[in-house]
$ cat work03.txt   # compact mmCIF, C-alpha atoms
# COMPACT_ATOMS: atom_id res chain seq x y z
CA MET A 1 14.40 3.58 -10.27
CA VAL A 2 12.52 3.51 -7.03
CA VAL A 3 14.10 0.22 -5.99
CA CYS A 4 17.59 1.64 -6.04
CA VAL A 5 16.52 4.87 -4.42
CA LEU A 6 14.75 3.24 -1.51
CA THR A 7 17.28 0.48 -0.98
CA ALA A 8 19.89 3.14 -0.62
CA THR A 9 17.89 4.58 2.26
CA THR A 10 17.83 1.32 4.23
CA THR A 11 21.51 1.43 5.04
CA PRO A 12 22.03 1.60 8.82
CA SER A 13 23.96 4.84 8.72
CA PRO A 14 21.83 7.69 10.07
CA GLY A 15 22.16 9.93 7.06
CA PRO A 16 19.97 12.89 6.24
CA TRP A 17 17.46 10.56 4.60
CA PRO A 18 15.45 8.47 7.11
CA ASP A 19 15.35 4.68 6.94
CA PRO A 20 11.76 3.60 6.13
CA ASP A 21 11.87 0.37 8.15
CA ARG A 22 13.05 2.21 11.23
CA VAL A 23 10.59 5.01 10.58
CA PHE A 24 7.64 2.62 10.69
CA ALA A 25 8.97 0.66 13.65
CA ALA A 26 9.43 3.93 15.50
CA LEU A 27 5.99 5.25 14.64
CA ALA A 28 4.21 2.03 15.64
CA ASP A 29 4.03 3.25 19.23
CA ALA A 30 1.57 5.82 20.55
CA THR A 31 4.02 7.45 22.99
CA ARG A 32 6.62 7.89 20.29
CA ARG A 33 4.09 9.38 17.91
CA ASP A 34 3.10 11.81 20.64
CA ILE A 35 6.72 12.74 21.21
CA VAL A 36 7.12 13.45 17.51
CA VAL A 37 4.09 15.76 17.60
CA ARG A 38 5.32 17.60 20.71
CA ALA A 39 8.83 17.91 19.34
CA MET A 40 7.47 19.73 16.29
CA ALA A 41 7.72 22.90 18.37
CA GLY A 42 11.33 22.00 19.12
CA ASP A 43 11.40 23.97 22.37
CA GLU A 44 11.64 21.13 24.89
CA GLY A 45 14.50 18.93 25.98
CA VAL A 46 14.36 15.32 27.16
CA VAL A 47 13.59 16.38 30.73
CA GLU A 48 10.65 18.58 29.75
CA LEU A 49 9.30 16.00 27.33
CA SER A 50 9.49 13.22 29.93
CA ALA A 51 7.25 15.24 32.26
CA HIS A 52 4.33 14.69 29.86
CA TYR A 53 4.31 10.91 30.26
CA PRO A 54 3.48 8.61 33.18
CA MET A 55 6.77 6.76 32.84
CA SER A 56 10.34 7.09 33.96
CA PHE A 57 12.78 9.59 32.51
CA ALA A 58 14.87 6.64 31.30
CA ALA A 59 11.88 5.16 29.45
CA VAL A 60 11.18 8.43 27.65
CA GLN A 61 14.86 8.78 26.89
CA LYS A 62 14.75 5.34 25.28
CA HIS A 63 11.77 6.29 23.14
CA ILE A 64 13.58 9.40 22.00
CA ALA A 65 16.65 7.32 21.14
CA VAL A 66 14.48 5.07 18.92
CA LEU A 67 13.07 8.13 17.18
CA GLU A 68 16.53 9.57 16.77
CA ARG A 69 17.87 6.39 15.16
CA ALA A 70 14.91 6.41 12.77
CA GLY A 71 15.78 9.96 11.81
CA LEU A 72 12.44 11.23 13.09
CA VAL A 73 13.87 13.58 15.72
CA THR A 74 17.21 15.28 16.21
CA LYS A 75 18.82 16.71 19.30
CA GLU A 76 20.09 20.19 19.04
CA ARG A 77 22.27 22.03 21.52
CA ILE A 78 21.07 25.58 22.16
CA GLY A 79 23.33 27.18 24.73
CA ARG A 80 23.30 24.84 27.71
CA ARG A 81 20.11 23.07 26.71
CA LYS A 82 19.69 20.10 24.40
CA LEU A 83 16.40 20.42 22.57
CA VAL A 84 14.54 17.63 20.78
CA ARG A 85 13.22 18.63 17.40
CA SER A 86 11.13 16.59 14.94
CA ASN A 87 12.54 15.89 11.53
CA VAL A 88 9.62 16.71 9.29
CA GLU A 89 11.22 14.93 6.34
CA GLY A 90 11.15 11.60 8.22
CA ILE A 91 7.47 11.96 8.93
CA ARG A 92 6.81 12.91 5.35
CA MET A 93 8.56 9.78 4.14
CA ALA A 94 6.34 7.51 6.25
CA GLN A 95 3.30 9.34 5.00
CA ARG A 96 4.53 9.17 1.44
CA MET A 97 4.93 5.40 1.58
CA LEU A 98 1.33 4.97 2.64
CA ASP A 99 0.19 7.58 0.13
CA ARG A 100 1.83 5.69 -2.69
CA TYR A 101 0.05 2.51 -1.72
CA GLU A 102 -3.20 4.44 -1.56
CA GLN A 103 -2.55 5.79 -5.05
CA LEU A 104 -1.95 2.27 -6.40
CA TRP A 105 -5.43 1.24 -5.24
CA ARG A 106 -7.09 4.51 -6.25
CA ASP A 107 -5.79 3.96 -9.77
CA ARG A 108 -7.09 0.39 -9.75
CA ILE A 109 -10.50 1.51 -8.57
CA ASP A 110 -10.62 4.18 -11.28
CA ARG A 111 -9.94 1.50 -13.86
CA MET A 112 -12.64 -0.67 -12.30
CA ALA A 113 -15.16 2.18 -12.54
CA ARG A 114 -14.33 2.77 -16.20
CA LEU A 115 -14.71 -0.92 -16.92
CA LEU A 116 -18.11 -0.95 -15.24
CA GLU A 117 -19.29 1.81 -17.56
CA GLU A 118 -18.79 -0.40 -20.58
CA PRO A 119 -21.81 -2.28 -21.84
CA MET A 120 -21.69 -5.87 -20.79
CA ASP A 121 -24.13 -8.54 -19.70
CA ASP A 122 -25.14 -7.67 -16.21
CA GLY A 123 -24.24 -10.24 -13.58
CA SER A 124 -27.90 -10.53 -12.67
CA GLU A 125 -28.47 -12.36 -15.94
CA PRO A 126 -27.53 -16.02 -15.76
CA VAL A 127 -26.25 -15.72 -19.35
CA ALA A 128 -23.49 -13.46 -18.02
CA ILE A 129 -21.48 -16.49 -16.87
CA ASP A 130 -21.26 -17.54 -20.50
CA MET A 131 -19.38 -14.45 -21.60
CA SER A 132 -17.43 -14.61 -24.80
CA ALA A 133 -13.83 -13.54 -25.12
CA LYS A 134 -14.47 -10.99 -27.84
CA GLU A 135 -17.01 -9.23 -25.70
CA THR A 136 -14.48 -8.49 -22.98
CA HIS A 137 -11.55 -7.75 -25.30
CA ARG A 138 -12.65 -4.40 -26.39
CA MET B 1 -16.02 10.35 -6.56
CA THR B 2 -15.65 6.61 -6.82
CA VAL B 3 -13.42 6.26 -3.76
CA THR B 4 -15.46 7.44 -0.79
CA ALA B 5 -13.12 6.73 2.14
CA VAL B 6 -9.53 5.79 2.88
CA ASP B 7 -8.38 4.71 6.30
CA LYS B 8 -4.71 4.00 6.91
CA ASP B 9 -3.68 2.47 10.22
CA LEU B 10 0.01 2.73 11.00
CA ASP B 11 -0.28 0.45 14.05
CA ALA B 12 -2.11 -2.38 12.37
CA LEU B 13 -0.31 -1.81 9.06
CA THR B 14 -3.56 -1.84 7.18
CA MET B 15 -5.16 0.30 4.55
CA ARG B 16 -8.89 0.27 4.00
CA MET B 17 -10.41 1.83 0.93
CA THR B 18 -14.11 2.17 0.26
CA ALA B 19 -15.51 2.79 -3.21
CA GLU B 20 -18.99 3.11 -4.67
CA PHE B 21 -19.84 1.94 -8.13
CA VAL B 22 -22.93 2.33 -10.27
CA ALA B 23 -23.34 -1.38 -10.88
CA THR B 24 -24.81 -4.44 -9.22
CA PRO B 25 -22.80 -6.53 -6.73
CA ASP B 26 -22.78 -9.35 -9.29
CA ARG B 27 -21.23 -7.08 -11.88
CA VAL B 28 -18.59 -5.81 -9.42
CA TRP B 29 -17.83 -9.38 -8.40
CA ARG B 30 -17.08 -10.16 -12.00
CA LEU B 31 -14.23 -7.64 -11.97
CA TRP B 32 -12.55 -10.13 -9.65
CA SER B 33 -13.83 -13.46 -10.88
CA ASP B 34 -13.30 -13.00 -14.61
CA PRO B 35 -9.57 -13.05 -15.47
CA ARG B 36 -10.15 -11.02 -18.66
CA GLN B 37 -11.78 -8.28 -16.60
CA LEU B 38 -9.10 -8.52 -13.93
CA GLU B 39 -6.41 -7.99 -16.56
CA ARG B 40 -7.94 -4.67 -17.44
CA TRP B 41 -7.59 -3.11 -14.01
CA TRP B 42 -5.00 -4.95 -11.89
CA GLY B 43 -1.93 -3.54 -13.61
CA PRO B 44 -1.39 0.06 -14.68
CA PRO B 45 -1.56 0.76 -18.45
CA THR B 46 2.25 0.74 -18.63
CA TRP B 47 2.44 -2.62 -16.81
CA PRO B 48 -0.58 -4.64 -17.98
CA ALA B 49 -1.31 -7.86 -16.12
CA THR B 50 -1.83 -11.26 -17.71
CA PHE B 51 -3.56 -13.89 -15.61
CA THR B 52 -2.38 -17.31 -16.74
CA ARG B 53 -4.24 -19.16 -14.01
CA HIS B 54 -7.32 -18.08 -12.10
CA ASP B 55 -8.76 -20.86 -10.02
CA PHE B 56 -11.32 -18.65 -8.34
CA THR B 57 -12.58 -21.00 -5.62
CA PRO B 58 -11.77 -21.25 -1.89
CA GLY B 59 -8.24 -22.66 -1.65
CA GLY B 60 -7.66 -21.94 -5.32
CA HIS B 61 -4.58 -20.32 -6.84
CA THR B 62 -3.99 -17.59 -9.34
CA ALA B 63 -0.85 -16.88 -11.33
CA TYR B 64 -0.21 -13.62 -13.12
CA HIS B 65 2.55 -11.50 -14.50
CA MET B 66 2.83 -7.86 -15.37
CA THR B 67 4.79 -6.78 -18.42
CA GLY B 68 6.67 -3.52 -18.40
CA PRO B 69 7.44 -1.16 -21.28
CA ASP B 70 10.87 -2.76 -21.72
CA GLY B 71 9.44 -6.28 -21.72
CA ASP B 72 10.40 -6.93 -18.09
CA GLU B 73 8.04 -9.30 -16.33
CA ALA B 74 7.00 -9.16 -12.68
CA HIS B 75 5.31 -12.36 -11.53
CA GLY B 76 2.80 -12.74 -8.77
CA TRP B 77 0.30 -15.17 -7.28
CA TRP B 78 -2.87 -15.21 -5.24
CA GLU B 79 -4.20 -17.81 -2.91
CA ILE B 80 -7.94 -17.61 -2.33
CA VAL B 81 -8.48 -17.98 1.41
CA ALA B 82 -12.26 -17.66 1.47
CA MET B 83 -15.09 -16.35 -0.64
CA GLN B 84 -18.84 -15.97 -0.72
CA PRO B 85 -19.86 -14.77 -4.18
CA PRO B 86 -20.72 -11.99 -4.70
CA ARG B 87 -20.22 -10.64 -1.16
CA ASN B 88 -16.81 -11.54 0.27
CA LEU B 89 -13.36 -12.38 -0.97
CA GLU B 90 -10.20 -12.98 1.01
CA PHE B 91 -6.92 -13.69 -0.68
CA ARG B 92 -3.18 -13.62 -0.16
CA ASP B 93 -1.13 -11.80 -2.76
CA GLY B 94 2.57 -12.52 -3.17
CA PHE B 95 5.48 -12.33 -5.54
CA ALA B 96 6.77 -15.20 -7.65
CA SER B 97 9.88 -16.06 -9.62
CA LYS B 98 9.87 -16.06 -13.43
CA ASP B 99 8.49 -19.62 -13.58
CA GLY B 100 5.58 -18.66 -11.32
CA THR B 101 6.86 -20.37 -8.15
CA PRO B 102 5.93 -18.30 -5.08
CA ASP B 103 9.00 -16.55 -3.71
CA PRO B 104 9.14 -17.32 0.03
CA LYS B 105 11.63 -14.53 0.66
CA LEU B 106 9.21 -11.86 -0.49
CA PRO B 107 6.30 -10.57 1.55
CA VAL B 108 2.69 -11.62 1.27
CA THR B 109 -0.14 -9.11 1.56
CA GLU B 110 -3.53 -10.18 2.87
CA ALA B 111 -6.51 -8.60 1.17
CA ARG B 112 -10.16 -8.68 2.17
CA VAL B 113 -12.86 -7.45 -0.16
CA THR B 114 -16.50 -6.95 0.74
CA ILE B 115 -19.15 -6.05 -1.80
CA GLU B 116 -22.63 -4.87 -0.80
CA SER B 117 -25.63 -3.32 -2.46
CA ILE B 118 -26.33 0.13 -1.00
CA ASP B 119 -29.29 1.45 -2.95
CA SER B 120 -30.87 1.22 -6.38
CA GLY B 121 -28.15 0.10 -8.72
CA LYS B 122 -25.25 1.14 -6.49
CA THR B 123 -22.67 -1.09 -4.88
CA ARG B 124 -20.13 -0.40 -2.16
CA MET B 125 -16.80 -2.22 -2.27
CA THR B 126 -14.44 -2.17 0.70
CA MET B 127 -10.88 -3.36 0.27
CA THR B 128 -8.61 -3.93 3.25
CA SER B 129 -4.92 -4.73 2.79
CA ARG B 130 -2.78 -5.92 5.63
CA PHE B 131 1.00 -6.05 5.52
CA PRO B 132 2.80 -8.64 7.65
CA SER B 133 5.46 -6.17 8.77
CA ARG B 134 6.92 -2.78 8.08
CA GLU B 135 9.70 -4.42 6.10
CA ALA B 136 7.07 -6.18 4.04
CA MET B 137 5.27 -2.95 3.41
CA GLN B 138 8.47 -1.41 2.20
CA GLN B 139 9.14 -4.32 -0.13
CA VAL B 140 5.65 -4.30 -1.57
CA LEU B 141 6.01 -0.62 -2.19
CA ASP B 142 9.43 -0.98 -3.75
CA MET B 143 8.30 -3.74 -6.07
CA GLY B 144 4.65 -3.01 -6.71
CA MET B 145 5.01 0.66 -7.14
CA GLU B 146 7.83 0.46 -9.58
CA GLU B 147 5.29 -0.94 -11.99
CA GLY B 148 3.79 2.19 -13.34
CA LEU B 149 4.31 5.02 -10.94
CA ARG B 150 6.97 6.72 -12.96
CA GLU B 151 5.78 10.08 -11.75
CA ALA B 152 6.30 9.13 -8.13
CA ILE B 153 9.77 7.91 -8.98
CA GLY B 154 10.52 11.17 -10.68
CA GLN B 155 9.37 13.02 -7.60
CA ILE B 156 11.61 10.99 -5.31
CA ASP B 157 14.56 11.45 -7.63
CA GLY B 158 13.82 15.13 -7.61
CA LEU B 159 13.74 15.25 -3.83
CA LEU B 160 17.03 13.38 -3.61
CA ALA B 161 18.56 15.76 -6.09
CA GLU B 162 17.38 18.65 -3.92
CA ASP B 163 18.95 16.99 -0.89
CA ALA B 164 22.26 16.51 -2.65
CA ALA B 165 22.34 20.12 -3.80
$ encode --input "work03.txt" --output "structure tokens"
Amino acid sequence: MVVCVLTATTTPSPGPWPDPDRVFAALADATRRDIVVRAMAGDEGVVELSAHYPMSFAAVQKHIAVLERAGLVTKERIGRRKLVRSNVEGIRMAQRMLDRYEQLWRDRIDRMARLLEEPMDDGSEPVAIDMSAKETHR
Amino acid sequence: MTVTAVDKDLDALTMRMTAEFVATPDRVWRLWSDPRQLERWWGPPTWPATFTRHDFTPGGHTAYHMTGPDGDEAHGWWEIVAMQPPRNLEFRDGFASKDGTPDPKLPVTEARVTIESIDSGKTRMTMTSRFPSREAMQQVLDMGMEEGLREAIGQIDGLLAEDAA
């Protein structure tokens, strides 16, 4: 059941599965989205990343912390450097949520189109208002 | 292709979908105005919708429920904010308890529909949904999508199983 599955993901613990609420809150900011894109390469640390933005190191650090809590990026120690890497699964989850909503409406529109193919009084005819129940219950 | 464009905005929490139908605007409007027509497309085949009230006027209210394969019922309501038949429709769509009372704890989605004639016998319908918050979006997805998207559920279960392995 999707309810159980997704509720389980909204627990505050930063498990391997990202929290959808935090994912969307984190992605609702252009700088943070940009950081996620840059961190796809996974070859820059906080210092290098902060050089891309007209804001303080501390501000960028804060953005990265928000992304980290949402499970969208992880920090990885490689030798003496700490690299920021995007968690592709987190991004996929955000995308998936929107995709599912899109599918809901695509399915509805498909049903609408099929319904429109059925013979029925056209709305341009005033008689159409007086439709009978048996005509629509096909 | 019936659906011609989809535009999802993560910042504004909106989704806009554009579709083209081979029908007149009046006929497309009737998909919304006639509860018997509405029942045939609002819910998926596994969760058909029954509209018990459809006061399709500005300020009017609609009450519906969707019935699942196990007989479970999911209740919902609409409030018509504005309309100009057969061109514009704006309504709020929310969840309700079993007796049809709107549930204030659950999120409300705002929907705007525009219907326009494009050329001979063709009509374009644009539907924009706006979620009040990310939490709301999540809840709508959790609740609305459960009704019928068994495949999606299977996929998620599958992914979780992969993760656990």
$ closest_residue --input "work03.txt" --among "A:Val23, A:Val36, A:Val84, A:Ala28" --to "chain B" --atoms "all atoms listed in the file"
A:Ala28
$ atom_distance --input "work03.txt" --atom1 "atom CA of A:Ala65" --atom2 "atom CA of A:Ala41"
18.2 Å
$ atom_distance --input "work03.txt" --atom1 "atom CA of B:His75" --atom2 "atom CA of B:Gly94"
8.8 Å
$ closest_residue --input "work03.txt" --among "A:Asp34, A:Glu68, A:Glu44, A:Asp29" --to "chain B" --atoms "all atoms listed in the file"
A:Asp29
$ atom_distance --input "work03.txt" --atom1 "atom CA of B:Thr18" --atom2 "atom CA of B:Arg40"
20.0 Å
$ residues_around --input "work03.txt" --residues "B:Phe95" --least-positions-apart "4" --cutoff "12 Å" --atoms "all atoms listed in the file" --output "mmCIF file with C-alpha atoms, in the frame of the given file"
data_model
loop_
_atom_site.group_PDB
_atom_site.id
_atom_site.type_symbol
_atom_site.label_atom_id
_atom_site.label_comp_id
_atom_site.auth_asym_id
_atom_site.auth_seq_id
_atom_site.Cartn_x
_atom_site.Cartn_y
_atom_site.Cartn_z
ATOM 1 C CA THR B 62 -3.990 -17.590 -9.340
ATOM 2 C CA ALA B 63 -0.850 -16.880 -11.330
ATOM 3 C CA TYR B 64 -0.210 -13.620 -13.120
ATOM 4 C CA HIS B 65 2.550 -11.500 -14.500
ATOM 5 C CA MET B 66 2.830 -7.860 -15.370
ATOM 6 C CA GLU B 73 8.040 -9.300 -16.330
ATOM 7 C CA ALA B 74 7.000 -9.160 -12.680
ATOM 8 C CA HIS B 75 5.310 -12.360 -11.530
ATOM 9 C CA GLY B 76 2.800 -12.740 -8.770
ATOM 10 C CA TRP B 77 0.300 -15.170 -7.280
ATOM 11 C CA TRP B 78 -2.870 -15.210 -5.240
ATOM 12 C CA GLU B 79 -4.200 -17.810 -2.910
ATOM 13 C CA ASP B 99 8.490 -19.620 -13.580
ATOM 14 C CA GLY B 100 5.580 -18.660 -11.320
ATOM 15 C CA THR B 101 6.860 -20.370 -8.150
ATOM 16 C CA PRO B 102 5.930 -18.300 -5.080
ATOM 17 C CA ASP B 103 9.000 -16.550 -3.710
ATOM 18 C CA PRO B 104 9.140 -17.320 0.030
ATOM 19 C CA LYS B 105 11.630 -14.530 0.660
ATOM 20 C CA LEU B 106 9.210 -11.860 -0.490
ATOM 21 C CA PRO B 107 6.300 -10.570 1.550
ATOM 22 C CA VAL B 108 2.690 -11.620 1.270
ATOM 23 C CA THR B 109 -0.140 -9.110 1.560
ATOM 24 C CA ALA B 136 7.070 -6.180 4.040
ATOM 25 C CA GLN B 139 9.140 -4.320 -0.130
ATOM 26 C CA VAL B 140 5.650 -4.300 -1.570
ATOM 27 C CA MET B 143 8.300 -3.740 -6.070
ATOM 28 C CA GLY B 144 4.650 -3.010 -6.710
#
$ residues_around --input "work03.txt" --residues "B:Lys122" --least-positions-apart "5" --cutoff "6 Å" --atoms "all atoms listed in the file" --output "CSV table (one decimal) with C-alpha atoms, in the frame of the given file"
chain,number,residue,atom,x,y,z
B,21,PHE,CA,-19.8,1.9,-8.1
B,22,VAL,CA,-22.9,2.3,-10.3
B,23,ALA,CA,-23.3,-1.4,-10.9
$ closest_residue --input "work03.txt" --among "B:Thr4, B:Pro69, B:Ala19, B:Gly59" --to "B:Thr126" --atoms "only C-alpha atoms"
B:Ala19
